[in-house]
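Beneath this line is the structure, given in structure tokens, with notes to follow.
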Amino acid sequence: MTVRASFDTHDIFNQSPPFENVDLFASDRALRDAVAANGAGAEAAALSAFGKRWGTAAMFEAARVANENTPKLKTFDTKGFRRDEVEFHPAYHAFMRESFRDGLHASTWRADGKRAEAPSEVARAARYYMVAQVENGHMCPITMTRACVGALGVEPALLEKLIGKIVSRTYDQSFRPWWEKDGITLGMGMTEKQGGTDVRANTTTATPTADGYTITGHKWFMSAPMCDAFLVLAQAPGGLTCFLMPRFRPDGSVNGLRFQRLKDKLGNRSNASSEVEFADAFAWRVGEEGRGVRTIIEMVQLTRVDCVISSAGMMRMALAQALHHTRHRTVFQKKLADQPMMRTLIADMALEVEGATALMMRLCRSFDLAGGSASEAARARLLTPAVKYWICKTAPGFIYEAMECLGGNGYVEETMLSRLYREAPVNAIWEGSGNVMCLDVLRALSREGEVARAALADLVKSCAGLPGAKEAASFIGETLMSADGEARARAAVERLAMLAAAAALAEGVPSAAEAFARTRLATARGGTFGTADLAAPDVATLLDRALPAA
Ligand SMILES: Cc1cc2nc3c(=O)[nH]c(=O)nc-3n(C[C@H](O)[C@H](O)[C@H](O)COP(=O)(O)OP(=O)(O)OC[C@H]3O[C@@H](n4cnc5c(N)ncnc54)[C@H](O)[C@@H]3O)c2cc1C
């Protein structure tokens with residue numbers, strides 16, 4: 001396309017070129033280092049091909065279109081019969097097809113439903129991180145599909161029936177019974193009107209029948225409503241229980257899911273989130289009656305990791321956009337990227353992304369190794385809520401700061417930063433909001449105190465010689481173990497995540513570890529980015545690593 005730079009009234013100059021047609025892997029040193037440090041270096045060429053495809057202008061444009069054309073609920077047909085279908089824009093389906101083809105919904109599972117070998121978590125996370133830089137809405141069913149397998153593991157016969165359809169690389173958008181489809185997606189419904197955190201307050205009931213259960217009640221949030229089946233919680237005679245509710249009953253008739261309306265959301269707009277009633281809906285029990293929370297938590301841990309990957313990915317894209325723009329934009333006869341204060345600001349942001357990326361990948365490495373290593377399993381258990389807390393909470397403010405680097409252009413819809421900004425808070429809110437994550441860290445310490453303390457000691461060992469690490473560990477231990485630990489937990493959990501980030505950097509990117517520990521553990525950075533005390537050589541290294549200069 002020819003761009004006309006000369007108008008009758010003025011010429012256009014000093015605007016940055018679009019940031020597109022980039023290799024999202026090759027241009028991201030922090031990602032490349034984290035992938036290599038966590039055992040997936042052999043995937044580099046494949047990841048680069050993936051990064052090139054997802055970094056095209058066509059992908060960015062499709063993401064805009066998918067989010068501007070939001071899904072529509074079709075409750076009834078012309079004659080008044082119930083349809084309970086949601087129509088998505090073709091761009092959304094195209095993203096689903098892409099992510100399915102690369103196995104983002106299932107590559108961490110083998111065809112028998114067991115965990116795939118390492119480094120499947122790390123390799124998938126690298127791809128997810130790049131997808132999150134482009135389009136997040138469609139990743140909701142992708143995330144839930146892969147995570148549900150974790151919970152279905154307690155019902156081997158049911159899992160065996162479904163797993164072939166789950167691990168299929170073919171996205172099938174048709175509204176048909178799951179057994180007729182080439183590939184299926186899974187969602188979940190826990191949150192009710194009276195409670196999302198406190199799911200034990202669920203009022204939806206489950207009555208045993210000859211071939212399963214009949215579920216009656218509602219869910220206040222149930223995302224990706226065109227999934228082929230949903231893990232739901234309901235009160236059975238033996239207490240709160242997990243179920244799998246398919247869209248079609250075993251006899252082929254449409255199941256009793258009655259969608260009431262779709263949420264009008266701040267972000268995540270390419271994806272639908274429904275309010276739904278269950279009218280005598282058929283479901284299979286998953287796990288024992290009364291063990292619903294215990295069963296579904298296997299899924300929740302995995303969705304929490306995806307929240308982390310998604311938020312880190314969005315931070316990365318915001319950083320790249322900010323750096324790219326400031327390298328092209330001149331103010332007061334000098335490129336913004338050469339102005340001392342802007343350099344400190346973006347370097348400080350780049351350091352945050354270095355920490356977030358290394359930490360996110362190290363966490364995925366723990367999931368890769370947890371099956372054969374008690375210490376990695378303990379690390380995953382303790383750190384998942386802490387990392388979700390820190391990274392998902394950092395992302396919205398971070399993206400706002402990146403937006404400001406683009407000035408007024410950052411605030412308008414044509415740049416993707418406004419979309420990322422609206423998208424970011426959901427990762428902190430759902431699947432355990434901030435306070436709930438801190439309570440979960442406290443729970444890990446009280447229930448599995450010895451292994452959790454050993455995991456903390458491991459982090460300190462990795463941070464040997466880094467400024468502030470020992471003091472941070474003492475603060476975390478003393479605060480969380482103190483009598484008023486719950487009241488003070490946020491400060492300690494934030495520090496725990498930062499200590500873990502310093503440890504991950506020390507293991508994988510030693511050059512950034514010292515600056516990270518010095519500015520985030522040894523001294524308190526100010527409340528905004530750009531307030532860290534960074535020396536000029538550190539600034540230069542961080543900016544260079546963040547994005548190669550064109
Ligand atoms: C876009 C979107 C999609 C969603 N999709 C789904 C879905 O597919 N399936 C599903 O089941 N749910 C879904 N949810 C719901 C989401 O998981 C819940 O909103 C979330 O779990 C919080 O529950 P709640 O809204 O009832 O808030 P509440 O439980 O009322 O919590 C409100 C606040 O209180 C805090 N809090 C809770 N307990 C404590 C405590 N003991 N001490 C201190 N603070 C506390 C929480 O951290 C939170 O900040 C979705 C939400 C959104 C926004």
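Letters for chains follow the order of the structure tokens (A, B, ...), residue numbers begin at 1 for each chain, and ligand numbers begin at 1 in the order shown.
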List all protein, DNA and RNA residues that have an atom no more than 9 Å from any atom of ligand 1, counting only C-alpha atoms and all ligand atoms, and report them as a PyMOL selection string.
chain A and resi 140-141+144+187-199+219-225+232-233+263+265-269+271-274+423+425-439+486-487
Written file, previous selection with N, CA and C atoms, as a short mmCIF file (atom, residue, chain, number, x, y, z; two decimals), in the first residue's frame:
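Written file, again.cif:
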data_model
loop_
_atom_site.label_atom_id
_atom_site.label_comp_id
_atom_site.auth_asym_id
_atom_site.auth_seq_id
_atom_site.Cartn_x
_atom_site.Cartn_y
_atom_site.Cartn_z
N CYS A 140 -8.77 -17.93 25.87
CA CYS A 140 -9.57 -18.38 27.02
C CYS A 140 -9.98 -19.85 26.86
N PRO A 141 -10.66 -20.23 25.77
CA PRO A 141 -10.97 -21.67 25.62
C PRO A 141 -9.73 -22.54 25.42
N MET A 144 -8.46 -23.13 28.92
CA MET A 144 -9.33 -24.01 29.72
C MET A 144 -9.29 -25.44 29.19
N GLY A 187 -14.61 -25.85 28.69
CA GLY A 187 -14.63 -24.64 29.52
C GLY A 187 -14.93 -25.00 30.96
N MET A 188 -15.23 -23.97 31.77
CA MET A 188 -15.56 -24.29 33.16
C MET A 188 -16.47 -23.23 33.78
N GLY A 189 -17.30 -23.68 34.70
CA GLY A 189 -18.22 -22.77 35.38
C GLY A 189 -18.22 -23.05 36.88
N MET A 190 -17.65 -22.10 37.62
CA MET A 190 -17.64 -22.23 39.09
C MET A 190 -18.40 -21.08 39.73
N THR A 191 -18.21 -19.85 39.15
CA THR A 191 -18.69 -18.63 39.80
C THR A 191 -20.21 -18.51 39.71
N GLU A 192 -20.85 -18.27 40.85
CA GLU A 192 -22.29 -18.01 40.86
C GLU A 192 -22.53 -16.59 41.35
N LYS A 193 -23.80 -16.16 41.29
CA LYS A 193 -24.10 -14.76 41.64
C LYS A 193 -23.64 -14.44 43.05
N GLN A 194 -23.83 -15.36 43.97
CA GLN A 194 -23.54 -15.06 45.37
C GLN A 194 -22.08 -15.30 45.73
N GLY A 195 -21.26 -15.83 44.81
CA GLY A 195 -19.87 -16.04 45.18
C GLY A 195 -19.02 -16.66 44.09
N GLY A 196 -17.84 -16.08 43.89
CA GLY A 196 -16.88 -16.63 42.94
C GLY A 196 -15.67 -17.20 43.68
N THR A 197 -15.18 -16.45 44.66
CA THR A 197 -14.06 -16.96 45.46
C THR A 197 -14.57 -18.10 46.35
N ASP A 198 -15.71 -17.83 47.01
CA ASP A 198 -16.24 -18.78 47.96
C ASP A 198 -17.18 -19.75 47.24
N VAL A 199 -16.61 -20.67 46.47
CA VAL A 199 -17.47 -21.56 45.67
C VAL A 199 -18.23 -22.55 46.54
N LYS A 219 -24.80 -20.28 36.54
CA LYS A 219 -23.44 -19.75 36.71
C LYS A 219 -23.47 -18.30 36.26
N TRP A 220 -22.80 -17.48 37.00
CA TRP A 220 -22.82 -16.02 36.77
C TRP A 220 -21.77 -15.61 35.76
N PHE A 221 -20.71 -16.36 35.69
CA PHE A 221 -19.68 -16.20 34.65
C PHE A 221 -19.38 -17.58 34.10
N MET A 222 -19.58 -17.77 32.80
CA MET A 222 -19.09 -19.00 32.17
C MET A 222 -18.60 -18.60 30.77
N SER A 223 -17.29 -18.52 30.66
CA SER A 223 -16.69 -17.99 29.43
C SER A 223 -16.65 -19.04 28.33
N ALA A 224 -16.41 -18.55 27.12
CA ALA A 224 -16.31 -19.41 25.94
C ALA A 224 -17.47 -20.40 25.87
N PRO A 225 -18.70 -19.87 25.80
CA PRO A 225 -19.88 -20.75 25.92
C PRO A 225 -20.06 -21.75 24.79
N VAL A 232 -18.07 -28.12 35.83
CA VAL A 232 -18.88 -27.25 36.69
C VAL A 232 -18.90 -27.83 38.10
N LEU A 233 -19.13 -26.93 39.05
CA LEU A 233 -19.29 -27.35 40.44
C LEU A 233 -20.77 -27.28 40.80
N LYS A 263 -21.73 -11.09 28.90
CA LYS A 263 -21.22 -9.95 29.66
C LYS A 263 -20.71 -8.87 28.71
N LYS A 265 -17.97 -6.64 28.55
CA LYS A 265 -16.72 -6.59 29.32
C LYS A 265 -15.83 -5.43 28.95
N LEU A 266 -14.99 -5.04 29.91
CA LEU A 266 -13.97 -4.01 29.68
C LEU A 266 -13.05 -4.40 28.52
N GLY A 267 -12.55 -5.60 28.57
CA GLY A 267 -11.65 -6.09 27.51
C GLY A 267 -12.02 -7.52 27.18
N ASN A 268 -11.06 -8.28 26.63
CA ASN A 268 -11.33 -9.68 26.32
C ASN A 268 -12.57 -9.78 25.44
N ARG A 269 -12.66 -8.83 24.49
CA ARG A 269 -13.92 -8.65 23.80
C ARG A 269 -14.12 -9.60 22.62
N ASN A 271 -13.74 -12.63 22.89
CA ASN A 271 -14.24 -13.84 23.56
C ASN A 271 -15.58 -13.53 24.24
N ALA A 272 -16.43 -14.54 24.33
CA ALA A 272 -17.72 -14.36 25.01
C ALA A 272 -17.64 -14.91 26.43
N SER A 273 -18.29 -14.21 27.36
CA SER A 273 -18.46 -14.74 28.72
C SER A 273 -19.94 -14.67 29.02
N SER A 274 -20.51 -15.81 29.38
CA SER A 274 -21.97 -15.89 29.48
C SER A 274 -22.46 -15.92 30.91
N GLU A 423 -7.40 -5.36 28.30
CA GLU A 423 -7.35 -6.82 28.48
C GLU A 423 -6.70 -7.21 29.82
N PRO A 425 -6.35 -6.41 33.12
CA PRO A 425 -6.81 -6.68 34.50
C PRO A 425 -7.48 -8.04 34.70
N VAL A 426 -8.05 -8.59 33.64
CA VAL A 426 -8.81 -9.85 33.85
C VAL A 426 -7.91 -10.97 34.37
N ASN A 427 -6.66 -10.98 33.96
CA ASN A 427 -5.77 -12.06 34.42
C ASN A 427 -5.57 -12.02 35.93
N ALA A 428 -5.62 -10.81 36.50
CA ALA A 428 -5.50 -10.73 37.96
C ALA A 428 -6.81 -11.09 38.64
N ILE A 429 -7.94 -10.74 38.00
CA ILE A 429 -9.24 -10.90 38.66
C ILE A 429 -9.72 -12.35 38.67
N TRP A 430 -9.58 -13.02 37.54
CA TRP A 430 -10.20 -14.36 37.49
C TRP A 430 -9.20 -15.43 37.94
N GLU A 431 -9.76 -16.59 38.24
CA GLU A 431 -8.95 -17.73 38.70
C GLU A 431 -8.17 -17.42 39.98
N GLY A 432 -8.81 -16.66 40.86
CA GLY A 432 -8.17 -16.29 42.12
C GLY A 432 -7.65 -14.88 42.04
N SER A 433 -8.41 -13.93 42.62
CA SER A 433 -7.98 -12.52 42.59
C SER A 433 -6.79 -12.32 43.54
N GLY A 434 -6.26 -11.11 43.54
CA GLY A 434 -5.00 -10.82 44.23
C GLY A 434 -4.96 -11.31 45.67
N ASN A 435 -5.91 -10.88 46.47
CA ASN A 435 -5.89 -11.29 47.88
C ASN A 435 -5.97 -12.80 48.02
N VAL A 436 -6.76 -13.40 47.12
CA VAL A 436 -6.95 -14.85 47.20
C VAL A 436 -5.63 -15.58 46.89
N MET A 437 -4.84 -15.00 45.99
CA MET A 437 -3.53 -15.58 45.69
C MET A 437 -2.63 -15.53 46.93
N CYS A 438 -2.71 -14.41 47.65
CA CYS A 438 -1.88 -14.30 48.87
C CYS A 438 -2.34 -15.32 49.91
N LEU A 439 -3.65 -15.50 50.02
CA LEU A 439 -4.16 -16.51 50.97
C LEU A 439 -3.67 -17.90 50.56
N GLU A 486 -1.68 -12.69 57.72
CA GLU A 486 -2.70 -12.51 56.68
C GLU A 486 -2.86 -11.02 56.35
N ALA A 487 -2.87 -10.20 57.37
CA ALA A 487 -3.06 -8.76 57.15
C ALA A 487 -1.90 -8.16 56.35
#
Please provide as a count of residues only all residues within 12 Å of Glu43 in chain A, with the sequence filter that same-chain residues fewer than 2 positions apart are discarded (counting only C-alpha atoms).
24
Shell of 8 Å around Asn69 in chain A, only C-alpha atoms, local chain residues under 4 positions omitted, as a PyMOL selection string
chain A and resi 65+89+270
Closest contacts (range 334-416 of chain A/range 295-306 of chain A, max 9 Å, only C-alpha atoms) as a Markdown table:
| residue | atom | partner | partner_atom | distance |
| --- | --- | --- | --- | --- |
| A:Met360 | CA | A:Val305 | CA | 8.0 |
| A:Leu363 | CA | A:Val305 | CA | 8.1 |
| A:Cys364 | CA | A:Val305 | CA | 7.7 |
| A:Arg381 | CA | A:Gln301 | CA | 8.4 |
| A:Thr384 | CA | A:Val305 | CA | 6.6 |
| A:Pro385 | CA | A:Arg304 | CA | 7.5 |
| A:Val387 | CA | A:Val305 | CA | 8.5 |
| A:Lys388 | CA | A:Arg304 | CA | 6.5 |
Please save C-alpha atoms of the selected residues as a short mmCIF file (atom, residue, chain, number, x, y, z; two decimals), in the first residue's frame.
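Generated output (part.cif):
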data_model
loop_
_atom_site.label_atom_id
_atom_site.label_comp_id
_atom_site.auth_asym_id
_atom_site.auth_seq_id
_atom_site.Cartn_x
_atom_site.Cartn_y
_atom_site.Cartn_z
CA MET A 360 7.36 -17.18 34.11
CA LEU A 363 7.79 -21.59 36.77
CA CYS A 364 6.87 -23.54 33.64
CA ARG A 381 2.89 -25.11 44.46
CA THR A 384 2.18 -20.24 41.20
CA PRO A 385 -0.07 -17.97 43.31
CA VAL A 387 3.84 -15.22 40.51
CA LYS A 388 0.23 -14.78 39.39
#
Who sits within 12 Å of Arg419 in chain A, only C-alpha atoms, same chain under 3 positions skipped, as a PDB file with N, CA, C and O atoms, in the first residue's frame:
ATOM      1  N   PHE A  60      -1.886  -8.897  13.307  1.00  0.00           N
ATOM      2  CA  PHE A  60      -2.264  -7.742  14.135  1.00  0.00           C
ATOM      3  C   PHE A  60      -3.618  -7.188  13.682  1.00  0.00           C
ATOM      4  O   PHE A  60      -4.459  -6.816  14.486  1.00  0.00           O
ATOM      5  N   ALA A  63      -6.465  -9.394  14.754  1.00  0.00           N
ATOM      6  CA  ALA A  63      -6.755  -9.228  16.190  1.00  0.00           C
ATOM      7  C   ALA A  63      -7.645  -8.010  16.408  1.00  0.00           C
ATOM      8  O   ALA A  63      -8.588  -8.045  17.202  1.00  0.00           O
ATOM      9  N   ARG A  64      -7.347  -6.951  15.691  1.00  0.00           N
ATOM     10  CA  ARG A  64      -8.200  -5.758  15.804  1.00  0.00           C
ATOM     11  C   ARG A  64      -9.638  -6.100  15.382  1.00  0.00           C
ATOM     12  O   ARG A  64     -10.598  -5.800  16.098  1.00  0.00           O
ATOM     13  N   VAL A  65      -9.751  -6.773  14.256  1.00  0.00           N
ATOM     14  CA  VAL A  65     -11.081  -7.094  13.722  1.00  0.00           C
ATOM     15  C   VAL A  65     -11.839  -8.015  14.684  1.00  0.00           C
ATOM     16  O   VAL A  65     -13.025  -7.812  14.964  1.00  0.00           O
ATOM     17  N   ALA A  66     -11.152  -9.017  15.228  1.00  0.00           N
ATOM     18  CA  ALA A  66     -11.812  -9.979  16.132  1.00  0.00           C
ATOM     19  C   ALA A  66     -12.324  -9.281  17.391  1.00  0.00           C
ATOM     20  O   ALA A  66     -13.346  -9.680  17.954  1.00  0.00           O
ATOM     21  N   ASN A  67     -11.633  -8.240  17.826  1.00  0.00           N
ATOM     22  CA  ASN A  67     -12.042  -7.553  19.055  1.00  0.00           C
ATOM     23  C   ASN A  67     -13.059  -6.452  18.810  1.00  0.00           C
ATOM     24  O   ASN A  67     -13.802  -6.085  19.730  1.00  0.00           O
ATOM     25  N   GLU A  68     -13.083  -5.932  17.578  1.00  0.00           N
ATOM     26  CA  GLU A  68     -14.092  -4.910  17.271  1.00  0.00           C
ATOM     27  C   GLU A  68     -15.443  -5.530  16.943  1.00  0.00           C
ATOM     28  O   GLU A  68     -16.479  -4.891  17.071  1.00  0.00           O
ATOM     29  N   ALA A 132      -0.027 -14.115  23.085  1.00  0.00           N
ATOM     30  CA  ALA A 132      -0.603 -13.104  23.992  1.00  0.00           C
ATOM     31  C   ALA A 132      -0.236 -11.688  23.563  1.00  0.00           C
ATOM     32  O   ALA A 132      -0.913 -10.730  23.917  1.00  0.00           O
ATOM     33  N   GLN A 133       0.817 -11.565  22.785  1.00  0.00           N
ATOM     34  CA  GLN A 133       1.215 -10.241  22.304  1.00  0.00           C
ATOM     35  C   GLN A 133       0.310  -9.759  21.178  1.00  0.00           C
ATOM     36  O   GLN A 133       0.349  -8.602  20.790  1.00  0.00           O
ATOM     37  N   VAL A 134      -0.475 -10.694  20.642  1.00  0.00           N
ATOM     38  CA  VAL A 134      -1.294 -10.368  19.471  1.00  0.00           C
ATOM     39  C   VAL A 134      -2.798 -10.425  19.807  1.00  0.00           C
ATOM     40  O   VAL A 134      -3.527  -9.461  19.597  1.00  0.00           O
ATOM     41  N   GLU A 135      -3.283 -11.562  20.329  1.00  0.00           N
ATOM     42  CA  GLU A 135      -4.730 -11.716  20.562  1.00  0.00           C
ATOM     43  C   GLU A 135      -4.964 -12.639  21.762  1.00  0.00           C
ATOM     44  O   GLU A 135      -4.586 -13.811  21.725  1.00  0.00           O
ATOM     45  N   ASN A 136      -5.609 -12.111  22.779  1.00  0.00           N
ATOM     46  CA  ASN A 136      -5.785 -12.890  24.005  1.00  0.00           C
ATOM     47  C   ASN A 136      -7.156 -13.540  24.148  1.00  0.00           C
ATOM     48  O   ASN A 136      -7.287 -14.538  24.834  1.00  0.00           O
ATOM     49  N   GLY A 137      -8.194 -12.940  23.533  1.00  0.00           N
ATOM     50  CA  GLY A 137      -9.546 -13.432  23.784  1.00  0.00           C
ATOM     51  C   GLY A 137      -9.716 -14.905  23.465  1.00  0.00           C
ATOM     52  O   GLY A 137     -10.277 -15.673  24.259  1.00  0.00           O
ATOM     53  N   LEU A 266     -14.989  -5.035  29.909  1.00  0.00           N
ATOM     54  CA  LEU A 266     -13.973  -4.005  29.679  1.00  0.00           C
ATOM     55  C   LEU A 266     -13.053  -4.398  28.525  1.00  0.00           C
ATOM     56  O   LEU A 266     -12.793  -3.613  27.617  1.00  0.00           O
ATOM     57  N   GLY A 267     -12.550  -5.598  28.565  1.00  0.00           N
ATOM     58  CA  GLY A 267     -11.645  -6.092  27.512  1.00  0.00           C
ATOM     59  C   GLY A 267     -12.024  -7.517  27.181  1.00  0.00           C
ATOM     60  O   GLY A 267     -13.161  -7.927  27.411  1.00  0.00           O
ATOM     61  N   ASN A 268     -11.058  -8.280  26.633  1.00  0.00           N
ATOM     62  CA  ASN A 268     -11.329  -9.684  26.325  1.00  0.00           C
ATOM     63  C   ASN A 268     -12.567  -9.777  25.442  1.00  0.00           C
ATOM     64  O   ASN A 268     -13.409 -10.645  25.606  1.00  0.00           O
ATOM     65  N   ARG A 269     -12.658  -8.833  24.492  1.00  0.00           N
ATOM     66  CA  ARG A 269     -13.923  -8.651  23.795  1.00  0.00           C
ATOM     67  C   ARG A 269     -14.125  -9.602  22.621  1.00  0.00           C
ATOM     68  O   ARG A 269     -15.242  -9.797  22.177  1.00  0.00           O
ATOM     69  N   SER A 270     -13.065 -10.189  22.110  1.00  0.00           N
ATOM     70  CA  SER A 270     -13.268 -11.163  21.035  1.00  0.00           C
ATOM     71  C   SER A 270     -13.894 -12.440  21.591  1.00  0.00           C
ATOM     72  O   SER A 270     -14.497 -13.227  20.873  1.00  0.00           O
ATOM     73  N   MET A 314       1.823  -9.715  27.296  1.00  0.00           N
ATOM     74  CA  MET A 314       1.293  -8.369  27.005  1.00  0.00           C
ATOM     75  C   MET A 314       2.289  -7.287  27.423  1.00  0.00           C
ATOM     76  O   MET A 314       2.442  -6.267  26.741  1.00  0.00           O
ATOM     77  N   MET A 317       4.902  -6.997  24.680  1.00  0.00           N
ATOM     78  CA  MET A 317       4.467  -6.258  23.494  1.00  0.00           C
ATOM     79  C   MET A 317       4.417  -4.759  23.789  1.00  0.00           C
ATOM     80  O   MET A 317       4.816  -3.930  22.959  1.00  0.00           O
ATOM     81  N   ALA A 318       3.948  -4.389  24.969  1.00  0.00           N
ATOM     82  CA  ALA A 318       3.878  -2.973  25.333  1.00  0.00           C
ATOM     83  C   ALA A 318       5.275  -2.366  25.364  1.00  0.00           C
ATOM     84  O   ALA A 318       5.506  -1.254  24.869  1.00  0.00           O
ATOM     85  N   PRO A 396      -1.236  -4.208  34.174  1.00  0.00           N
ATOM     86  CA  PRO A 396      -2.031  -3.033  33.759  1.00  0.00           C
ATOM     87  C   PRO A 396      -1.263  -1.712  33.895  1.00  0.00           C
ATOM     88  O   PRO A 396      -1.257  -0.894  32.962  1.00  0.00           O
ATOM     89  N   ILE A 399       1.485  -1.492  31.225  1.00  0.00           N
ATOM     90  CA  ILE A 399       0.988  -1.203  29.869  1.00  0.00           C
ATOM     91  C   ILE A 399       0.587   0.271  29.771  1.00  0.00           C
ATOM     92  O   ILE A 399       0.833   0.927  28.752  1.00  0.00           O
ATOM     93  N   TYR A 400       0.003   0.774  30.850  1.00  0.00           N
ATOM     94  CA  TYR A 400      -0.326   2.207  30.842  1.00  0.00           C
ATOM     95  C   TYR A 400       0.948   3.035  30.629  1.00  0.00           C
ATOM     96  O   TYR A 400       0.971   3.997  29.845  1.00  0.00           O
ATOM     97  N   MET A 403       2.001   2.938  27.144  1.00  0.00           N
ATOM     98  CA  MET A 403       1.066   3.756  26.363  1.00  0.00           C
ATOM     99  C   MET A 403       1.509   5.224  26.385  1.00  0.00           C
ATOM    100  O   MET A 403       1.518   5.910  25.358  1.00  0.00           O
ATOM    101  N   GLY A 410      -0.772   6.606  21.856  1.00  0.00           N
ATOM    102  CA  GLY A 410      -0.921   5.385  22.640  1.00  0.00           C
ATOM    103  C   GLY A 410      -2.332   5.190  23.149  1.00  0.00           C
ATOM    104  O   GLY A 410      -2.743   4.072  23.442  1.00  0.00           O
ATOM    105  N   TYR A 411      -3.087   6.286  23.254  1.00  0.00           N
ATOM    106  CA  TYR A 411      -4.410   6.243  23.900  1.00  0.00           C
ATOM    107  C   TYR A 411      -5.533   5.918  22.924  1.00  0.00           C
ATOM    108  O   TYR A 411      -6.654   5.680  23.329  1.00  0.00           O
ATOM    109  N   VAL A 412      -5.231   5.933  21.639  1.00  0.00           N
ATOM    110  CA  VAL A 412      -6.313   5.721  20.677  1.00  0.00           C
ATOM    111  C   VAL A 412      -6.374   4.263  20.215  1.00  0.00           C
ATOM    112  O   VAL A 412      -5.405   3.516  20.341  1.00  0.00           O
ATOM    113  N   GLU A 413      -7.542   3.902  19.701  1.00  0.00           N
ATOM    114  CA  GLU A 413      -7.817   2.494  19.433  1.00  0.00           C
ATOM    115  C   GLU A 413      -6.948   1.890  18.332  1.00  0.00           C
ATOM    116  O   GLU A 413      -6.748   0.686  18.301  1.00  0.00           O
ATOM    117  N   GLU A 414      -6.446   2.726  17.397  1.00  0.00           N
ATOM    118  CA  GLU A 414      -5.669   2.119  16.304  1.00  0.00           C
ATOM    119  C   GLU A 414      -4.383   1.463  16.808  1.00  0.00           C
ATOM    120  O   GLU A 414      -3.872   0.544  16.177  1.00  0.00           O
ATOM    121  N   THR A 415      -3.830   1.963  17.921  1.00  0.00           N
ATOM    122  CA  THR A 415      -2.669   1.245  18.457  1.00  0.00           C
ATOM    123  C   THR A 415      -3.205   0.092  19.292  1.00  0.00           C
ATOM    124  O   THR A 415      -4.281   0.177  19.860  1.00  0.00           O
ATOM    125  N   MET A 416      -2.473  -0.956  19.349  1.00  0.00           N
ATOM    126  CA  MET A 416      -2.979  -2.097  20.122  1.00  0.00           C
ATOM    127  C   MET A 416      -2.827  -1.888  21.623  1.00  0.00           C
ATOM    128  O   MET A 416      -3.356  -2.654  22.417  1.00  0.00           O
ATOM    129  N   ARG A 422      -6.927  -2.694  28.246  1.00  0.00           N
ATOM    130  CA  ARG A 422      -8.247  -3.140  28.697  1.00  0.00           C
ATOM    131  C   ARG A 422      -8.262  -4.638  28.997  1.00  0.00           C
ATOM    132  O   ARG A 422      -9.024  -5.118  29.820  1.00  0.00           O
ATOM    133  N   GLU A 423      -7.396  -5.360  28.305  1.00  0.00           N
ATOM    134  CA  GLU A 423      -7.353  -6.818  28.481  1.00  0.00           C
ATOM    135  C   GLU A 423      -6.702  -7.207  29.820  1.00  0.00           C
ATOM    136  O   GLU A 423      -7.118  -8.169  30.479  1.00  0.00           O
ATOM    137  N   ALA A 424      -5.678  -6.443  30.203  1.00  0.00           N
ATOM    138  CA  ALA A 424      -4.764  -6.914  31.252  1.00  0.00           C
ATOM    139  C   ALA A 424      -5.413  -7.224  32.615  1.00  0.00           C
ATOM    140  O   ALA A 424      -5.060  -8.230  33.241  1.00  0.00           O
ATOM    141  N   PRO A 425      -6.352  -6.412  33.124  1.00  0.00           N
ATOM    142  CA  PRO A 425      -6.814  -6.681  34.500  1.00  0.00           C
ATOM    143  C   PRO A 425      -7.482  -8.036  34.701  1.00  0.00           C
ATOM    144  O   PRO A 425      -7.477  -8.570  35.803  1.00  0.00           O
TER     145      PRO A 425
END
Could you check the closest approach to Leu73 in chain A for each of A:Phe259, A:Phe19, A:Phe175, A:Tyr129 and tell me which residue wins, using only C-alpha atoms?
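So, comparing all the options, the nearest one is A:Phe259.
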I need the residue nearest Glu117 in chain A from this list: A:Leu369, A:Leu499, A:Glu352, A:Thr143. Use only C-alpha atoms for the distance.
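Counting only C-alpha atoms, the residue closest to Glu117 in chain A is A:Leu369.
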Where in range 318-416 of chain A does DSSP assign strand (DSSP E), given as a PyMOL selection string?
chain A and resi 330-331+334-335
Could you jot down the CA of Thr185 in chain A to CA of Cys227 in chain A separation for me, Å, one decimal place?
4.9 Å
Between A:Pro548, A:Gly372, A:Pro510, A:Gly238, which one has atoms that come closest to Thr205 in chain A, using only C-alpha atoms?
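Comparing A:Pro548, A:Gly372, A:Pro510, A:Gly238 against Thr205 in chain A, the winner is A:Gly238.
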What does the distance from CA of Ala380 in chain A to CA of Ala455 in chain A come to in Å, to one decimal?
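Taking CA of Ala380 in chain A as the start and CA of Ala455 in chain A as the end point, the length is 9.1 Å.
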Show me, as JSON, numbers by chain, the residues that have an atom within 12 Å of Ser446 in chain A when counting only C-alpha atoms, minus same-chain residues fewer than 2 positions from it.
{"A": [382, 439, 440, 441, 442, 443, 444, 448, 449, 450, 451, 452, 453, 477, 480, 481, 482, 485, 486]}
Quick one: residues within 10 Å of Arg83 in chain A, only C-alpha atoms counted, chain neighbours fewer than 5 positions away excluded, as a PyMOL selection string?
chain A and resi 73-78+254+258-259
From a DSSP calculation on the backbone, collect every residue of range 8-242 of chain A in alpha helix (DSSP H) and output the set as a PyMOL selection string.
chain A and resi 29-37+44-54+57-68+90-101+120-131+139-152+156-167
